[in-house]
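> Okay, handing you the structure first.
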Amino acid sequence: RIILECSNYTSGIPHISFFNLTASCEVTILWSSEHACPLPIPTSEISDSVCSIVDPFDGATISLSTLSNDSHVMSVGGDYIIGLCGPISKAPEHCKDNHAGVCHHHDNQWMKMSDANHSLTIVSHSPHAVDVQYSSGESCDSQMTWTVNVHMYCSNHNNSDRPYLESTSGCEIRFTWPTSALCLTEIEGCFVTNTDGTIQDLEPLVSQTWNGAYLDDSE
(Lines give C-alpha, C1' and ligand atoms only; values in the text may rest on other atoms or scores of the structure.)
Protein backbone atom coordinates (compact mmCIF):
# COMPACT_ATOMS: atom_id res chain seq x y z
CA ARG A 1 0.00 0.00 0.00
CA ILE A 2 1.43 3.36 -1.08
CA ILE A 3 0.24 6.56 0.58
CA LEU A 4 1.07 9.73 -1.38
CA GLU A 5 1.71 12.81 0.75
CA CYS A 6 1.79 16.40 -0.49
CA SER A 7 5.11 18.08 0.33
CA ASN A 8 7.53 20.66 -1.09
CA TYR A 9 10.13 17.93 -1.64
CA THR A 10 11.37 18.54 -5.21
CA SER A 11 14.34 16.19 -5.62
CA GLY A 12 14.17 13.76 -8.53
CA ILE A 13 14.85 10.90 -6.12
CA PRO A 14 11.66 9.50 -4.52
CA HIS A 15 11.43 10.45 -0.85
CA ILE A 16 10.23 7.49 1.21
CA SER A 17 9.64 8.86 4.67
CA PHE A 18 7.86 5.88 6.19
CA PHE A 19 8.14 2.18 5.53
CA ASN A 20 6.34 -0.45 7.55
CA LEU A 21 5.94 -4.21 7.27
CA THR A 22 3.32 -5.86 9.45
CA ALA A 23 3.15 -9.44 10.69
CA SER A 24 0.37 -10.06 8.16
CA CYS A 25 2.79 -9.24 5.32
CA GLU A 26 1.21 -5.87 4.56
CA VAL A 27 3.71 -3.27 3.38
CA THR A 28 2.89 0.42 3.81
CA ILE A 29 4.97 3.10 2.08
CA LEU A 30 4.57 6.86 2.62
CA TRP A 31 5.74 8.71 -0.50
CA SER A 32 6.25 12.46 -0.10
CA SER A 33 6.18 14.43 -3.34
CA GLU A 34 5.23 17.80 -4.78
CA HIS A 35 3.23 15.88 -7.39
CA ALA A 36 0.86 14.67 -4.69
CA CYS A 37 -0.26 18.26 -4.08
CA PRO A 38 -3.62 19.32 -5.57
CA LEU A 39 -3.42 21.27 -8.81
CA PRO A 40 -5.44 24.43 -9.44
CA ILE A 41 -8.57 23.68 -11.44
CA PRO A 42 -8.65 25.83 -14.59
CA THR A 43 -11.65 28.10 -15.04
CA SER A 44 -12.40 30.25 -18.07
CA GLU A 45 -13.22 33.93 -17.88
CA ILE A 46 -16.90 34.79 -17.65
CA SER A 47 -18.20 35.83 -21.06
CA ASP A 48 -21.19 35.36 -23.35
CA SER A 49 -18.93 33.79 -25.98
CA VAL A 50 -17.03 31.24 -23.89
CA CYS A 51 -16.81 28.15 -26.07
CA SER A 52 -13.54 26.39 -25.25
CA ILE A 53 -10.91 25.95 -22.55
CA VAL A 54 -7.38 24.52 -22.72
CA ASP A 55 -6.51 21.89 -20.16
CA PRO A 56 -3.03 22.82 -18.90
CA PHE A 57 -2.45 19.33 -17.51
CA ASP A 58 -2.53 17.45 -20.82
CA GLY A 59 -2.71 20.26 -23.39
CA ALA A 60 -6.10 19.19 -24.73
CA THR A 61 -8.54 21.82 -26.00
CA ILE A 62 -12.07 21.25 -24.77
CA SER A 63 -14.46 22.87 -27.23
CA LEU A 64 -18.25 23.17 -27.06
CA SER A 65 -18.59 24.68 -30.54
CA THR A 66 -20.39 21.63 -31.92
CA LEU A 67 -23.05 22.09 -29.22
CA SER A 68 -23.53 25.82 -29.71
CA ASN A 69 -27.04 25.48 -31.18
CA ASP A 70 -29.99 26.01 -28.85
CA SER A 71 -30.82 22.86 -26.92
CA HIS A 72 -34.24 22.05 -25.51
CA VAL A 73 -34.70 20.06 -22.33
CA MET A 74 -38.00 18.34 -21.61
CA SER A 75 -39.21 17.88 -18.06
CA VAL A 76 -42.42 17.58 -16.08
CA GLY A 77 -41.91 21.18 -14.98
CA GLY A 78 -41.96 22.56 -18.51
CA ASP A 79 -39.41 23.23 -21.24
CA TYR A 80 -35.94 24.71 -20.92
CA ILE A 81 -33.70 26.21 -23.59
CA ILE A 82 -29.95 26.37 -23.01
CA GLY A 83 -27.70 28.54 -25.16
CA LEU A 84 -23.96 27.76 -25.31
CA CYS A 85 -21.26 29.98 -26.82
CA GLY A 86 -23.62 32.95 -26.91
CA PRO A 87 -27.23 34.03 -26.40
CA ILE A 88 -30.14 31.85 -27.51
CA SER A 89 -30.47 32.63 -31.21
CA LYS A 90 -34.19 31.94 -31.55
CA ALA A 91 -35.43 32.83 -28.11
CA PRO A 92 -39.21 32.86 -27.56
CA GLU A 93 -41.25 35.84 -26.41
CA HIS A 94 -40.06 37.41 -23.11
CA CYS A 95 -36.58 36.02 -23.79
CA LYS A 96 -35.66 37.05 -27.33
CA ASP A 97 -34.41 40.60 -26.69
CA ASN A 98 -32.83 40.02 -23.29
CA HIS A 99 -29.49 38.39 -24.17
CA ALA A 100 -30.88 35.16 -22.75
CA GLY A 101 -28.72 32.14 -22.03
CA VAL A 102 -31.30 29.99 -20.23
CA CYS A 103 -35.10 30.20 -20.64
CA HIS A 104 -37.90 28.27 -18.96
CA HIS A 105 -41.48 27.67 -20.07
CA HIS A 106 -43.90 27.36 -17.17
CA ASP A 107 -47.56 28.24 -16.61
CA ASN A 108 -48.05 28.85 -20.34
CA GLN A 109 -45.35 31.49 -20.68
CA TRP A 110 -41.61 31.80 -21.19
CA MET A 111 -39.33 33.42 -18.65
CA LYS A 112 -35.64 34.26 -18.73
CA MET A 113 -33.64 32.52 -16.00
CA SER A 114 -30.17 33.81 -16.86
CA ASP A 115 -28.34 35.83 -19.45
CA ALA A 116 -25.71 34.29 -21.71
CA ASN A 117 -22.64 35.03 -19.55
CA HIS A 118 -21.09 31.77 -18.38
CA SER A 119 -17.76 30.24 -17.42
CA LEU A 120 -16.25 26.78 -17.96
CA THR A 121 -14.51 24.82 -15.20
CA ILE A 122 -12.66 21.55 -15.77
CA VAL A 123 -13.80 19.18 -13.03
CA SER A 124 -12.48 15.81 -14.18
CA HIS A 125 -9.83 14.14 -16.34
CA SER A 126 -9.68 10.79 -18.09
CA PRO A 127 -12.33 11.27 -19.33
CA HIS A 128 -12.91 15.00 -19.35
CA ALA A 129 -15.85 16.74 -17.71
CA VAL A 130 -16.65 20.42 -17.37
CA ASP A 131 -19.15 22.53 -15.46
CA VAL A 132 -20.83 25.44 -17.21
CA GLN A 133 -22.00 28.09 -14.76
CA TYR A 134 -24.30 30.93 -15.77
CA SER A 135 -23.26 33.90 -13.70
CA SER A 136 -26.04 36.46 -14.14
CA GLY A 137 -29.33 34.96 -13.06
CA GLU A 138 -32.66 36.74 -13.10
CA SER A 139 -34.61 37.39 -9.91
CA CYS A 140 -35.95 34.17 -8.42
CA ASP A 141 -37.62 35.66 -5.34
CA SER A 142 -37.33 38.91 -3.41
CA GLN A 143 -33.84 38.07 -2.12
CA MET A 144 -32.19 35.60 -4.50
CA THR A 145 -31.42 35.15 -8.19
CA TRP A 146 -31.42 31.99 -10.27
CA THR A 147 -28.26 29.86 -10.22
CA VAL A 148 -27.90 27.66 -13.29
CA ASN A 149 -25.24 24.96 -13.65
CA VAL A 150 -24.72 22.47 -16.48
CA HIS A 151 -22.50 19.44 -15.82
CA MET A 152 -21.11 18.06 -19.10
CA TYR A 153 -19.18 14.81 -19.36
CA CYS A 154 -17.81 12.41 -21.98
CA SER A 155 -20.32 9.87 -23.29
CA ASN A 156 -20.39 7.95 -26.57
CA HIS A 157 -23.82 6.42 -26.03
CA ASN A 158 -26.48 6.87 -28.70
CA ASN A 159 -28.50 9.27 -26.54
CA SER A 160 -25.56 11.59 -25.95
CA ASP A 161 -25.48 15.30 -26.80
CA ARG A 162 -28.87 15.88 -25.19
CA PRO A 163 -29.07 17.71 -21.87
CA TYR A 164 -31.60 16.78 -19.21
CA LEU A 165 -32.81 18.30 -15.99
CA GLU A 166 -31.05 16.74 -13.02
CA SER A 167 -32.37 18.66 -10.03
CA THR A 168 -34.01 21.83 -8.78
CA SER A 169 -33.63 23.17 -5.27
CA GLY A 170 -35.09 26.55 -4.42
CA CYS A 171 -33.46 29.03 -6.81
CA GLU A 172 -30.78 26.60 -7.97
CA ILE A 173 -31.21 24.42 -11.05
CA ARG A 174 -28.79 21.83 -12.40
CA PHE A 175 -28.63 20.11 -15.77
CA THR A 176 -26.56 17.10 -16.84
CA TRP A 177 -25.32 16.85 -20.41
CA PRO A 178 -23.58 13.67 -21.65
CA THR A 179 -21.75 14.46 -24.87
CA SER A 180 -19.23 12.89 -27.23
CA ALA A 181 -17.67 16.35 -27.68
CA LEU A 182 -15.69 15.76 -24.47
CA CYS A 183 -14.41 12.34 -25.51
CA LEU A 184 -10.98 13.43 -26.69
CA THR A 185 -8.49 11.19 -28.44
CA GLU A 186 -5.35 12.69 -26.93
CA ILE A 187 -3.42 10.76 -24.29
CA GLU A 188 -4.71 12.26 -21.08
CA GLY A 189 -1.97 11.28 -18.66
CA CYS A 190 -2.34 9.98 -15.13
CA PHE A 191 -4.69 12.24 -13.19
CA VAL A 192 -6.69 11.66 -10.02
CA THR A 193 -9.84 13.61 -9.20
CA ASN A 194 -10.49 13.58 -5.45
CA THR A 195 -13.87 13.56 -3.75
CA ASP A 196 -13.45 17.24 -2.84
CA GLY A 197 -12.95 18.18 -6.50
CA THR A 198 -9.18 18.71 -6.33
CA ILE A 199 -6.95 17.15 -9.00
CA GLN A 200 -3.53 15.54 -8.76
CA ASP A 201 -1.14 14.89 -11.66
CA LEU A 202 0.78 11.66 -10.95
CA GLU A 203 2.35 11.32 -14.40
CA PRO A 204 5.82 12.52 -13.22
CA LEU A 205 5.88 9.66 -10.70
CA VAL A 206 5.27 6.90 -13.26
CA SER A 207 8.89 6.45 -14.31
CA GLN A 208 10.43 6.90 -10.87
CA THR A 209 11.96 3.93 -9.09
CA TRP A 210 13.29 3.47 -5.60
CA ASN A 211 15.78 0.98 -4.29
CA GLY A 212 16.27 0.56 -0.58
CA ALA A 213 16.53 -1.85 2.25
CA TYR A 214 14.09 -2.50 5.08
CA LEU A 215 15.58 -3.72 8.35
CA ASP A 216 13.23 -5.22 10.90
CA ASP A 217 14.82 -4.71 14.31
CA SER A 218 11.63 -5.20 16.28
CA GLU A 219 12.71 -8.57 17.59
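Please note that chains go A, B, ... in the order of the C-alpha coordinates, that every chain numbers its residues from 1, and that ligands are numbered from 1 in the order shown.
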DSSP on the backbone, strand (DSSP E or B) only: what residues of stretch 131-172 of chain A does that give? Format it as a list in words.

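Selection result, strand (DSSP E or B) within stretch 131-172 of chain A: Asp131, Val132, Gln133, Tyr134, Gly137, Ser139, Thr145, Thr147, Val148, Asn149, Val150, His151, Met152, Tyr153, Cys154, Tyr164, Leu165, Glu166, Ser167, Thr168, Ser169 and Glu172 of chain A.
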
> Quick one: everything within 7 Å of stretch 124-135 of chain A, counting only C-alpha atoms, minus sequence neighbours fewer than 5 positions away in the same chain. Send it as a short mmCIF file (atom, residue, chain, number, x, y, z; two decimals) with N, CA and C atoms, in the first residue's frame.


```cif
data_model
loop_
_atom_site.label_atom_id
_atom_site.label_comp_id
_atom_site.auth_asym_id
_atom_site.auth_seq_id
_atom_site.Cartn_x
_atom_site.Cartn_y
_atom_site.Cartn_z
N SER A 114 -31.52 33.27 -16.93
CA SER A 114 -30.17 33.81 -16.86
C SER A 114 -29.78 34.38 -18.20
N ALA A 116 -26.60 35.23 -21.04
CA ALA A 116 -25.71 34.29 -21.71
C ALA A 116 -24.30 34.23 -21.11
N ASN A 117 -23.98 35.07 -20.14
CA ASN A 117 -22.64 35.03 -19.55
C ASN A 117 -22.43 33.74 -18.76
N HIS A 118 -21.38 33.00 -19.10
CA HIS A 118 -21.09 31.77 -18.38
C HIS A 118 -19.59 31.50 -18.40
N SER A 119 -19.16 30.65 -17.49
CA SER A 119 -17.76 30.24 -17.42
C SER A 119 -17.68 28.72 -17.53
N THR A 147 -29.59 30.43 -9.99
CA THR A 147 -28.26 29.86 -10.22
C THR A 147 -28.42 28.67 -11.14
N VAL A 148 -27.75 28.72 -12.28
CA VAL A 148 -27.90 27.66 -13.29
C VAL A 148 -26.54 27.03 -13.57
N ASN A 149 -26.46 25.71 -13.39
CA ASN A 149 -25.24 24.96 -13.65
C ASN A 149 -25.53 23.81 -14.61
N VAL A 150 -24.61 23.58 -15.53
CA VAL A 150 -24.72 22.47 -16.48
C VAL A 150 -23.47 21.63 -16.36
N HIS A 151 -23.63 20.37 -15.92
CA HIS A 151 -22.50 19.44 -15.82
C HIS A 151 -22.42 18.62 -17.10
N MET A 152 -21.30 18.75 -17.82
CA MET A 152 -21.11 18.06 -19.10
C MET A 152 -19.98 17.05 -18.96
N TYR A 153 -20.21 15.84 -19.49
CA TYR A 153 -19.18 14.81 -19.36
C TYR A 153 -19.14 13.95 -20.62
N CYS A 154 -18.02 13.26 -20.81
CA CYS A 154 -17.81 12.41 -21.98
C CYS A 154 -18.77 11.23 -21.98
N LEU A 182 -16.72 15.78 -25.51
CA LEU A 182 -15.69 15.76 -24.47
C LEU A 182 -14.88 14.47 -24.48
N CYS A 183 -15.17 13.59 -25.41
CA CYS A 183 -14.41 12.34 -25.51
C CYS A 183 -13.23 12.58 -26.44
N GLU A 188 -4.32 11.32 -22.12
CA GLU A 188 -4.71 12.26 -21.08
C GLU A 188 -3.90 12.15 -19.80
N PHE A 191 -4.11 11.24 -14.08
CA PHE A 191 -4.69 12.24 -13.19
C PHE A 191 -5.66 11.57 -12.22
N THR A 193 -8.90 12.62 -9.68
CA THR A 193 -9.84 13.61 -9.20
C THR A 193 -10.37 13.16 -7.85
#
```

> When distances are computed from only C-alpha atoms, which of A:Ile62, A:Cys95, A:Ile41, A:Val102 shows the smallest separation from A:Leu184?

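Under the stated criterion, the closest residue is A:Ile62.
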
> Please determine, counting only C-alpha atoms, which residue among A:Ser49, A:Gln109, A:Ser136, A:Ser63 has the shortest atom-to-atom distance to A:Gly78.

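Smallest separation from A:Gly78 among the options: A:Gln109.
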
> Counting only C-alpha atoms, which residue out of A:Cys103, A:Val50, A:Cys6, A:Cys25 sits closest to A:Asp70?

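Among A:Cys103, A:Val50, A:Cys6, A:Cys25, it is A:Cys103 that comes nearest to A:Asp70.
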